[in-house]
file target_23.txt (compact mmCIF, C-alpha atoms and all ligand atoms)
# COMPACT_ATOMS: atom_id res chain seq x y z
CA MET A 1 -3.91 -14.57 1.07
CA LYS A 2 -5.48 -11.55 -0.64
CA ILE A 3 -4.80 -7.98 0.39
CA ILE A 4 -7.13 -5.20 -0.65
CA ALA A 5 -5.66 -1.83 0.29
CA GLY A 6 -6.95 1.68 -0.34
CA ASN A 7 -4.67 4.70 -0.38
CA PHE A 8 -6.72 7.86 0.10
CA LYS A 9 -3.69 10.11 -0.51
CA SER A 10 -4.63 13.69 0.46
CA ASN A 11 -8.35 13.15 -0.05
CA LEU A 12 -11.26 12.71 2.34
CA THR A 13 -11.45 14.75 5.53
CA ARG A 14 -11.66 13.11 8.93
CA ARG A 15 -15.46 13.19 8.83
CA GLU A 16 -15.56 11.75 5.31
CA THR A 17 -13.05 9.11 6.30
CA GLU A 18 -15.07 8.10 9.35
CA ASN A 19 -18.24 7.85 7.25
CA PHE A 20 -16.42 5.73 4.69
CA LEU A 21 -14.95 3.41 7.32
CA HIS A 22 -18.24 3.04 9.13
CA THR A 23 -20.10 2.18 5.91
CA LEU A 24 -17.45 -0.26 4.73
CA ASP A 25 -17.14 -1.95 8.11
CA SER A 26 -20.92 -2.44 8.24
CA LYS A 27 -20.94 -3.98 4.76
CA LEU A 28 -18.15 -6.34 5.78
CA GLU A 29 -19.98 -7.18 9.01
CA SER A 30 -23.08 -8.21 7.03
CA ASN A 31 -21.07 -10.07 4.37
CA PRO A 32 -17.88 -11.28 6.05
CA LEU A 33 -14.88 -11.99 3.87
CA ASP A 34 -12.96 -15.26 3.96
CA LYS A 35 -10.30 -15.27 6.66
CA ASP A 36 -7.47 -15.08 4.16
CA LYS A 37 -8.63 -11.68 2.83
CA GLN A 38 -7.54 -8.51 4.54
CA VAL A 39 -8.73 -4.97 3.95
CA PHE A 40 -6.46 -2.00 4.65
CA ILE A 41 -7.15 1.70 4.40
CA PHE A 42 -4.48 4.39 4.43
CA PRO A 43 -6.25 7.66 5.23
CA ALA A 44 -4.68 11.11 5.10
CA THR A 45 -2.59 11.62 8.22
CA SER A 46 -4.94 14.14 9.81
CA SER A 47 -7.82 11.72 9.28
CA LEU A 48 -6.24 8.86 11.18
CA VAL A 49 -8.59 7.39 13.75
CA GLU A 50 -8.48 4.65 16.35
CA ASN A 51 -7.77 1.41 14.54
CA SER A 52 -9.74 -0.78 16.91
CA HIS A 53 -12.99 1.06 16.11
CA TYR A 54 -13.23 -1.04 12.99
CA LYS A 55 -13.61 -4.77 13.07
CA HIS A 56 -12.96 -5.63 9.43
CA ILE A 57 -10.58 -2.88 8.36
CA ASN A 58 -6.97 -2.37 9.30
CA LEU A 59 -5.79 1.24 9.15
CA GLY A 60 -2.35 2.35 8.09
CA ALA A 61 -0.26 5.49 7.76
CA GLN A 62 0.72 6.85 4.35
CA ASN A 63 3.87 8.33 5.78
CA CYS A 64 5.69 8.75 9.07
CA HIS A 65 9.06 10.09 10.09
CA CYS A 66 11.48 7.46 11.32
CA ALA A 67 11.64 8.51 14.95
CA THR A 68 9.67 7.88 18.10
CA SER A 69 9.11 11.62 18.69
CA GLY A 70 11.18 14.79 18.63
CA ALA A 71 11.95 18.05 16.84
CA PHE A 72 10.71 17.30 13.30
CA THR A 73 8.41 20.18 12.46
CA GLY A 74 5.53 19.14 10.23
CA GLU A 75 6.10 15.42 10.58
CA VAL A 76 4.36 12.76 12.61
CA THR A 77 6.31 10.06 14.39
CA LEU A 78 5.79 6.55 15.67
CA LYS A 79 4.26 7.80 18.90
CA HIS A 80 1.41 9.38 16.91
CA LEU A 81 0.67 6.12 15.16
CA GLU A 82 0.81 4.16 18.39
CA GLU A 83 -1.81 6.43 19.92
CA PHE A 84 -4.25 5.07 17.32
CA HIS A 85 -2.85 1.52 17.42
CA ILE A 86 -1.78 1.85 13.81
CA GLU A 87 0.59 -0.94 12.87
CA ASN A 88 0.76 -0.58 9.09
CA ILE A 89 2.88 1.84 7.14
CA LEU A 90 3.33 2.68 3.48
CA ILE A 91 6.93 3.39 2.55
CA GLY A 92 8.33 4.54 -0.78
CA HIS A 93 5.14 5.48 -2.56
CA SER A 94 6.11 7.11 -5.85
CA GLU A 95 4.45 10.38 -4.85
CA ARG A 96 6.68 10.53 -1.77
CA ARG A 97 9.70 9.67 -3.87
CA ASN A 98 8.99 12.09 -6.70
CA LEU A 99 7.02 15.00 -5.25
CA PHE A 100 8.76 15.08 -1.88
CA ALA A 101 12.23 13.97 -2.92
CA GLU A 102 12.32 10.82 -0.81
CA SER A 103 15.42 9.05 -1.99
CA GLU A 104 15.98 5.32 -1.83
CA ALA A 105 18.28 6.04 1.14
CA ILE A 106 15.44 7.73 3.03
CA CYS A 107 13.06 4.88 2.20
CA VAL A 108 15.61 2.39 3.49
CA LYS A 109 16.12 4.37 6.69
CA LYS A 110 12.37 4.35 7.24
CA PHE A 111 12.17 0.66 6.44
CA ASP A 112 14.88 -0.18 8.97
CA PHE A 113 13.27 1.94 11.68
CA PHE A 114 9.75 0.55 11.25
CA LYS A 115 11.07 -2.97 10.88
CA LYS A 116 12.86 -2.55 14.20
CA HIS A 117 9.50 -1.58 15.71
CA GLY A 118 7.72 -4.52 14.09
CA LEU A 119 5.23 -2.63 11.92
CA ARG A 120 3.73 -4.22 8.85
CA ILE A 121 5.46 -2.44 5.98
CA PHE A 122 3.93 -1.90 2.55
CA TYR A 123 7.03 -1.10 0.52
CA CYS A 124 6.30 0.45 -2.86
CA ILE A 125 8.56 -0.15 -5.82
CA GLY A 126 8.12 0.40 -9.52
CA GLU A 127 9.81 1.59 -12.65
CA GLY A 128 9.26 4.83 -14.54
CA LYS A 129 8.37 5.08 -18.20
CA GLU A 130 11.96 5.53 -19.41
CA VAL A 131 13.18 2.47 -17.55
CA ARG A 132 10.43 0.36 -19.12
CA GLU A 133 11.11 1.76 -22.57
CA LYS A 134 14.79 0.88 -22.20
CA ASN A 135 13.78 -2.66 -21.24
CA GLU A 136 15.47 -2.36 -17.86
CA THR A 137 12.44 -2.93 -15.65
CA LEU A 138 13.43 -6.22 -14.03
CA GLU A 139 16.94 -5.07 -13.22
CA PHE A 140 15.54 -1.84 -11.76
CA LEU A 141 13.10 -3.74 -9.53
CA ARG A 142 15.79 -6.15 -8.42
CA LYS A 143 17.96 -3.24 -7.27
CA GLN A 144 15.03 -1.69 -5.42
CA ILE A 145 14.15 -4.81 -3.46
CA PHE A 146 17.75 -5.53 -2.57
CA CYS A 147 18.01 -2.18 -0.78
CA ILE A 148 15.91 -3.61 2.04
CA ASP A 149 15.56 -6.90 3.89
CA ALA A 150 13.21 -8.55 1.39
CA ASN A 151 12.56 -11.40 3.79
CA TYR A 152 11.29 -9.33 6.69
CA GLU A 153 8.30 -11.35 7.88
CA ASN A 154 5.99 -8.36 8.12
CA LEU A 155 6.62 -7.03 4.64
CA ILE A 156 4.35 -6.61 1.66
CA PHE A 157 5.71 -5.33 -1.63
CA ALA A 158 3.49 -3.09 -3.71
CA TYR A 159 4.59 -3.22 -7.33
CA GLU A 160 3.40 0.06 -8.80
CA PRO A 161 4.78 1.08 -12.19
CA LEU A 162 4.97 4.87 -12.08
CA TRP A 163 3.40 5.29 -15.50
CA ALA A 164 0.31 3.39 -14.33
CA ILE A 165 -0.40 5.42 -11.20
CA GLY A 166 -3.29 7.84 -11.50
CA THR A 167 -3.22 7.61 -15.30
CA GLY A 168 -6.14 5.27 -15.92
CA LEU A 169 -3.63 3.12 -17.80
CA SER A 170 -3.02 -0.01 -15.78
CA ALA A 171 -0.08 -2.27 -16.65
CA SER A 172 -1.16 -5.24 -18.74
CA ILE A 173 -1.69 -8.59 -17.09
CA SER A 174 1.39 -10.01 -18.80
CA GLN A 175 3.53 -7.07 -17.64
CA ILE A 176 2.27 -7.48 -14.07
CA ARG A 177 2.76 -11.24 -14.18
CA GLU A 178 6.31 -10.95 -15.49
CA CYS A 179 7.34 -8.52 -12.73
CA ILE A 180 5.61 -10.39 -9.93
CA ASN A 181 7.06 -13.75 -10.99
CA TYR A 182 10.51 -12.22 -11.19
CA LEU A 183 10.22 -10.59 -7.75
CA LYS A 184 8.93 -13.81 -6.24
CA SER A 185 12.23 -15.47 -7.06
CA PHE A 186 13.88 -13.16 -4.50
CA THR A 187 11.33 -12.84 -1.73
CA ASN A 188 8.61 -14.72 0.09
CA ALA A 189 6.74 -11.49 0.85
CA PRO A 190 3.30 -11.05 -0.69
CA ILE A 191 3.39 -8.84 -3.77
CA ILE A 192 0.41 -6.67 -4.54
CA TYR A 193 -0.14 -4.52 -7.61
CA GLY A 194 -1.07 -0.85 -7.76
CA GLY A 195 -1.71 1.52 -10.65
CA SER A 196 -5.17 2.33 -12.02
CA VAL A 197 -6.88 -0.64 -10.40
CA THR A 198 -10.67 -0.52 -10.76
CA ALA A 199 -13.55 -2.97 -10.36
CA ASN A 200 -13.16 -3.67 -14.09
CA ASN A 201 -9.61 -4.99 -14.00
CA ALA A 202 -9.45 -6.19 -10.37
CA SER A 203 -10.51 -9.82 -10.93
CA GLU A 204 -7.74 -10.61 -13.37
CA ILE A 205 -5.19 -8.82 -11.22
CA PHE A 206 -6.27 -10.84 -8.17
CA ASP A 207 -5.57 -13.97 -10.22
CA ILE A 208 -1.88 -13.15 -10.49
CA ALA A 209 -1.09 -10.84 -7.55
CA ASP A 210 -1.46 -11.23 -3.78
CA GLY A 211 -3.70 -8.20 -3.78
CA VAL A 212 -4.09 -4.61 -4.89
CA LEU A 213 -3.24 -1.11 -3.76
CA VAL A 214 -5.96 1.21 -4.98
CA GLY A 215 -5.78 4.99 -5.22
CA SER A 216 -8.57 6.90 -6.95
CA ALA A 217 -10.99 3.97 -7.12
CA SER A 218 -10.77 3.62 -3.32
CA LEU A 219 -12.30 7.02 -2.61
CA LYS A 220 -15.91 6.00 -3.05
CA VAL A 221 -17.03 3.28 -0.74
CA GLU A 222 -19.25 1.49 -3.29
CA GLN A 223 -16.44 1.43 -5.84
CA PHE A 224 -13.93 0.12 -3.34
CA TYR A 225 -16.37 -2.47 -2.05
CA ASN A 226 -16.86 -3.68 -5.63
CA ILE A 227 -13.12 -4.20 -5.88
CA ILE A 228 -13.15 -6.14 -2.60
CA LEU A 229 -15.90 -8.35 -4.02
CA ARG A 230 -13.63 -9.26 -6.96
CA SER A 231 -10.96 -10.67 -4.61
P1 LIG B 1 -4.30 4.89 -8.62
O1 LIG B 1 -3.18 5.08 -7.49
O2 LIG B 1 -5.10 3.69 -8.26
O3 LIG B 1 -5.11 6.17 -8.59
O4 LIG B 1 -3.57 4.72 -9.91
C1 LIG B 1 -2.49 3.97 -7.00
C2 LIG B 1 -1.51 4.38 -5.96
O5 LIG B 1 -1.01 5.51 -6.01
O6 LIG B 1 -1.18 3.59 -5.07
call {"tool": "encode", "arguments": {"input": "target_23.txt", "output": "structure tokens"}}
result
Amino acid sequence: MKIIAGNFKSNLTRRETENFLHTLDSKLESNPLDKDKQVFIFPATSSLVENSHYKHINLGAQNCHCATSGAFTGEVTLKHLEEFHIENILIGHSERRNLFAESEAICVKKFDFFKKHGLRIFYCIGEGKEVREKNETLEFLRKQIFCIDANYENLIFAYEPLWAIGTGLSASISQIRECINYLKSFTNAPIIYGGSVTANNASEIFDIADGVLVGSASLKVEQFYNIILRS
């Protein structure tokens, strides 16, 4: 199985997102992918659209509060995702953890809630620069995955070293391989890699990971399509 996921972060308006999705879906209609390849897009929350409008793309939410609905000013809840038939959620992205103070405890609470509701969870983990420099990466990752039920059947891990996200400096193939092999000894979940993935490094990453989570290189449809073609 190969997963090709794009995280738009806080980019692309609703109109831009719809144009992107329409263009990509048409390309995938003309050149269908093998059945074992799946394309996911995580648009900005206000650009979420009806999932079933697209035949070859599965939409997901970048964030959602762990409740069905209620008094949570500024947040969206499960009900809002269900309206669009969105069944995929990103939890624990490093920008949520670091810029919005989402602790491991919050990530776990979200994981448990969305697991209970059967969503497909993309759970992001990854070490910072200091952890890597101290040679404590594997131990750090092990602790992160043991916070959640690593054998939930609808789980995908996204291994994203913090120092590789948005920096243009992807982890090396041997670094990615070492972490993925290690994680695979604890879980059967697919493990994808994220952090400065582009069409240039995608092929070799697809060789060792179950897929990719792409940030900046997902924002232009041609660029993202080129990454899909490498899968
Ligand atoms: P990047 O982002 O591809 O721009 O490094 C990856 C991510 O944040 O998931």
call {"tool": "closest_residue", "arguments": {"input": "target_23.txt", "among": "A:Asn58, A:Asn98, A:Ser231, A:Ser216", "to": "A:Ser196", "atoms": "all atoms listed in the file"}}
result
A:Ser216
call {"tool": "closest_atom_pairs", "arguments": {"input": "target_23.txt", "of": "chain A", "to": "ligand LIG 1 (chain B)", "cutoff": "10 Å", "atoms": "all atoms listed in the file", "output": "Markdown table"}}
result
| residue | atom | partner | partner_atom | distance |
| --- | --- | --- | --- | --- |
| A:Ala5 | CA | B:LIG1 | O6 | 8.8 |
| A:Gly6 | CA | B:LIG1 | O6 | 7.7 |
| A:Asn7 | CA | B:LIG1 | O6 | 6.0 |
| A:Phe8 | CA | B:LIG1 | O5 | 8.7 |
| A:Lys9 | CA | B:LIG1 | O5 | 7.7 |
| A:Leu90 | CA | B:LIG1 | O6 | 9.7 |
| A:His93 | CA | B:LIG1 | O5 | 7.1 |
| A:Ser94 | CA | B:LIG1 | O5 | 7.3 |
| A:Glu95 | CA | B:LIG1 | O5 | 7.4 |
| A:Cys124 | CA | B:LIG1 | O6 | 8.4 |
| A:Ala158 | CA | B:LIG1 | O6 | 8.3 |
| A:Tyr159 | CA | B:LIG1 | O6 | 9.2 |
| A:Glu160 | CA | B:LIG1 | O6 | 6.9 |
| A:Pro161 | CA | B:LIG1 | C1 | 9.4 |
| A:Leu162 | CA | B:LIG1 | O5 | 8.5 |
| A:Trp163 | CA | B:LIG1 | O4 | 9.0 |
| A:Ala164 | CA | B:LIG1 | O4 | 6.0 |
| A:Ile165 | CA | B:LIG1 | O4 | 3.5 |
| A:Gly166 | CA | B:LIG1 | O4 | 3.5 |
| A:Thr167 | CA | B:LIG1 | O4 | 6.1 |
| A:Gly168 | CA | B:LIG1 | O4 | 6.6 |
| A:Leu169 | CA | B:LIG1 | O4 | 8.1 |
| A:Ser170 | CA | B:LIG1 | O4 | 7.6 |
| A:Tyr193 | CA | B:LIG1 | O6 | 8.6 |
| A:Gly194 | CA | B:LIG1 | C1 | 5.1 |
| A:Gly195 | CA | B:LIG1 | O4 | 3.8 |
| A:Ser196 | CA | B:LIG1 | O4 | 3.6 |
| A:Val197 | CA | B:LIG1 | O2 | 5.1 |
| A:Thr198 | CA | B:LIG1 | O2 | 7.4 |
| A:Val212 | CA | B:LIG1 | O6 | 8.7 |
| A:Leu213 | CA | B:LIG1 | O6 | 5.3 |
| A:Val214 | CA | B:LIG1 | O2 | 4.2 |
| A:Gly215 | CA | B:LIG1 | O2 | 3.4 |
| A:Ser216 | CA | B:LIG1 | O3 | 3.9 |
| A:Ala217 | CA | B:LIG1 | O2 | 6.0 |
| A:Ser218 | CA | B:LIG1 | O2 | 7.5 |
| A:Leu219 | CA | B:LIG1 | O3 | 9.4 |
call {"tool": "residues_around", "arguments": {"input": "target_23.txt", "residues": "stretch 118-120 of chain A", "least_positions_apart": "6", "cutoff": "6 Å", "atoms": "only C-alpha atoms", "output": "ChimeraX atom specification"}}
result
/A:87-88,154-155
call {"tool": "closest_residue", "arguments": {"input": "target_23.txt", "among": "A:Ile227, A:Ile148, A:Val108, A:Leu33", "to": "A:Ser203", "atoms": "only C-alpha atoms"}}
result
A:Ile227
call {"tool": "closest_residue", "arguments": {"input": "target_23.txt", "among": "A:Leu183, A:Ile191, A:Ile205, A:Leu99", "to": "A:Tyr123", "atoms": "only C-alpha atoms"}}
result
A:Ile191
call {"tool": "atom_distance", "arguments": {"input": "target_23.txt", "atom1": "atom CA of A:Asn151", "atom2": "atom CA of A:Phe186"}}
result
8.6 Å
call {"tool": "closest_residue", "arguments": {"input": "target_23.txt", "among": "A:His65, A:Lys116, A:His80, A:Lys2", "to": "A:Glu153", "atoms": "all atoms listed in the file"}}
result
A:Lys116
call {"tool": "closest_residue", "arguments": {"input": "target_23.txt", "among": "A:Gln62, A:Glu16, A:Phe114, A:Arg142", "to": "A:Lys79", "atoms": "only C-alpha atoms"}}
result
A:Phe114
call {"tool": "residues_around", "arguments": {"input": "target_23.txt", "residues": "stretch 43-49 of chain A", "least_positions_apart": "5", "cutoff": "10 Å", "atoms": "all atoms listed in the file", "output": "ChimeraX atom specification"}}
result
/A:6-18,21,54,59-64,75-76,80-81,83-86,219
call {"tool": "atom_distance", "arguments": {"input": "target_23.txt", "atom1": "atom CA of A:Ile156", "atom2": "atom CA of A:Gly70"}}
result
28.2 Å
call {"tool": "residues_around", "arguments": {"input": "target_23.txt", "residues": "stretch 129-131 of chain A", "least_positions_apart": "3", "cutoff": "8 Å", "atoms": "all atoms listed in the file", "output": "list in words"}}
result
Lys134, Asn135, Glu136, Thr137, Phe140, Leu162 and Trp163 of chain A
call {"tool": "write_last_selection", "arguments": {"input": "target_23.txt", "atoms": "C-alpha atoms", "output": "PDB file, in the frame of the given file"}}
result
ATOM      1  CA  LYS A 134      14.790   0.880 -22.200  1.00  0.00           C
ATOM      2  CA  ASN A 135      13.780  -2.660 -21.240  1.00  0.00           C
ATOM      3  CA  GLU A 136      15.470  -2.360 -17.860  1.00  0.00           C
ATOM      4  CA  THR A 137      12.440  -2.930 -15.650  1.00  0.00           C
ATOM      5  CA  PHE A 140      15.540  -1.840 -11.760  1.00  0.00           C
ATOM      6  CA  LEU A 162       4.970   4.870 -12.080  1.00  0.00           C
ATOM      7  CA  TRP A 163       3.400   5.290 -15.500  1.00  0.00           C
TER       8      TRP A 163
END
call {"tool": "atom_distance", "arguments": {"input": "target_23.txt", "atom1": "atom CA of A:Gly126", "atom2": "atom CA of A:Ile145"}}
result
10.0 Å
call {"tool": "closest_residue", "arguments": {"input": "target_23.txt", "among": "A:Lys27, A:His53, A:Lys220, A:Lys110", "to": "A:Phe122", "atoms": "all atoms listed in the file"}}
result
A:Lys110
call {"tool": "residues_around", "arguments": {"input": "target_23.txt", "residues": "A:Lys55", "least_positions_apart": "2", "cutoff": "9 Å", "atoms": "all atoms listed in the file", "output": "VMD selection string"}}
result
chain A and resid 25 28 to 29 51 to 53 57 to 58
call {"tool": "decode", "arguments": {"input": "target_23.txt", "residues": "stretch 78-103 of chain A", "atoms": "C-alpha atoms", "output": "short mmCIF file (atom, residue, chain, number, x, y, z; two decimals), in the first residue's frame"}}
result
data_model
loop_
_atom_site.label_atom_id
_atom_site.label_comp_id
_atom_site.auth_asym_id
_atom_site.auth_seq_id
_atom_site.Cartn_x
_atom_site.Cartn_y
_atom_site.Cartn_z
CA LEU A 78 -16.92 15.78 14.77
CA LYS A 79 -20.35 16.89 13.62
CA HIS A 80 -18.71 19.40 11.25
CA LEU A 81 -16.56 16.70 9.71
CA GLU A 82 -19.49 14.34 9.36
CA GLU A 83 -21.42 16.94 7.41
CA PHE A 84 -18.76 16.61 4.69
CA HIS A 85 -18.33 12.85 5.15
CA ILE A 86 -14.75 13.41 6.25
CA GLU A 87 -13.34 10.28 7.84
CA ASN A 88 -9.65 11.11 8.08
CA ILE A 89 -7.96 13.19 10.73
CA LEU A 90 -4.43 14.39 11.36
CA ILE A 91 -3.45 14.31 15.02
CA GLY A 92 -0.26 15.54 16.64
CA HIS A 93 1.25 17.49 13.77
CA SER A 94 4.32 19.27 15.11
CA GLU A 95 2.82 22.68 14.33
CA ARG A 96 -0.16 21.83 16.54
CA ARG A 97 2.15 20.55 19.23
CA ASN A 98 4.61 23.45 19.14
CA LEU A 99 2.70 26.52 17.98
CA PHE A 100 -0.58 25.69 19.70
CA ALA A 101 0.74 23.91 22.77
CA GLU A 102 -0.92 20.57 22.08
CA SER A 103 0.61 18.27 24.63
#
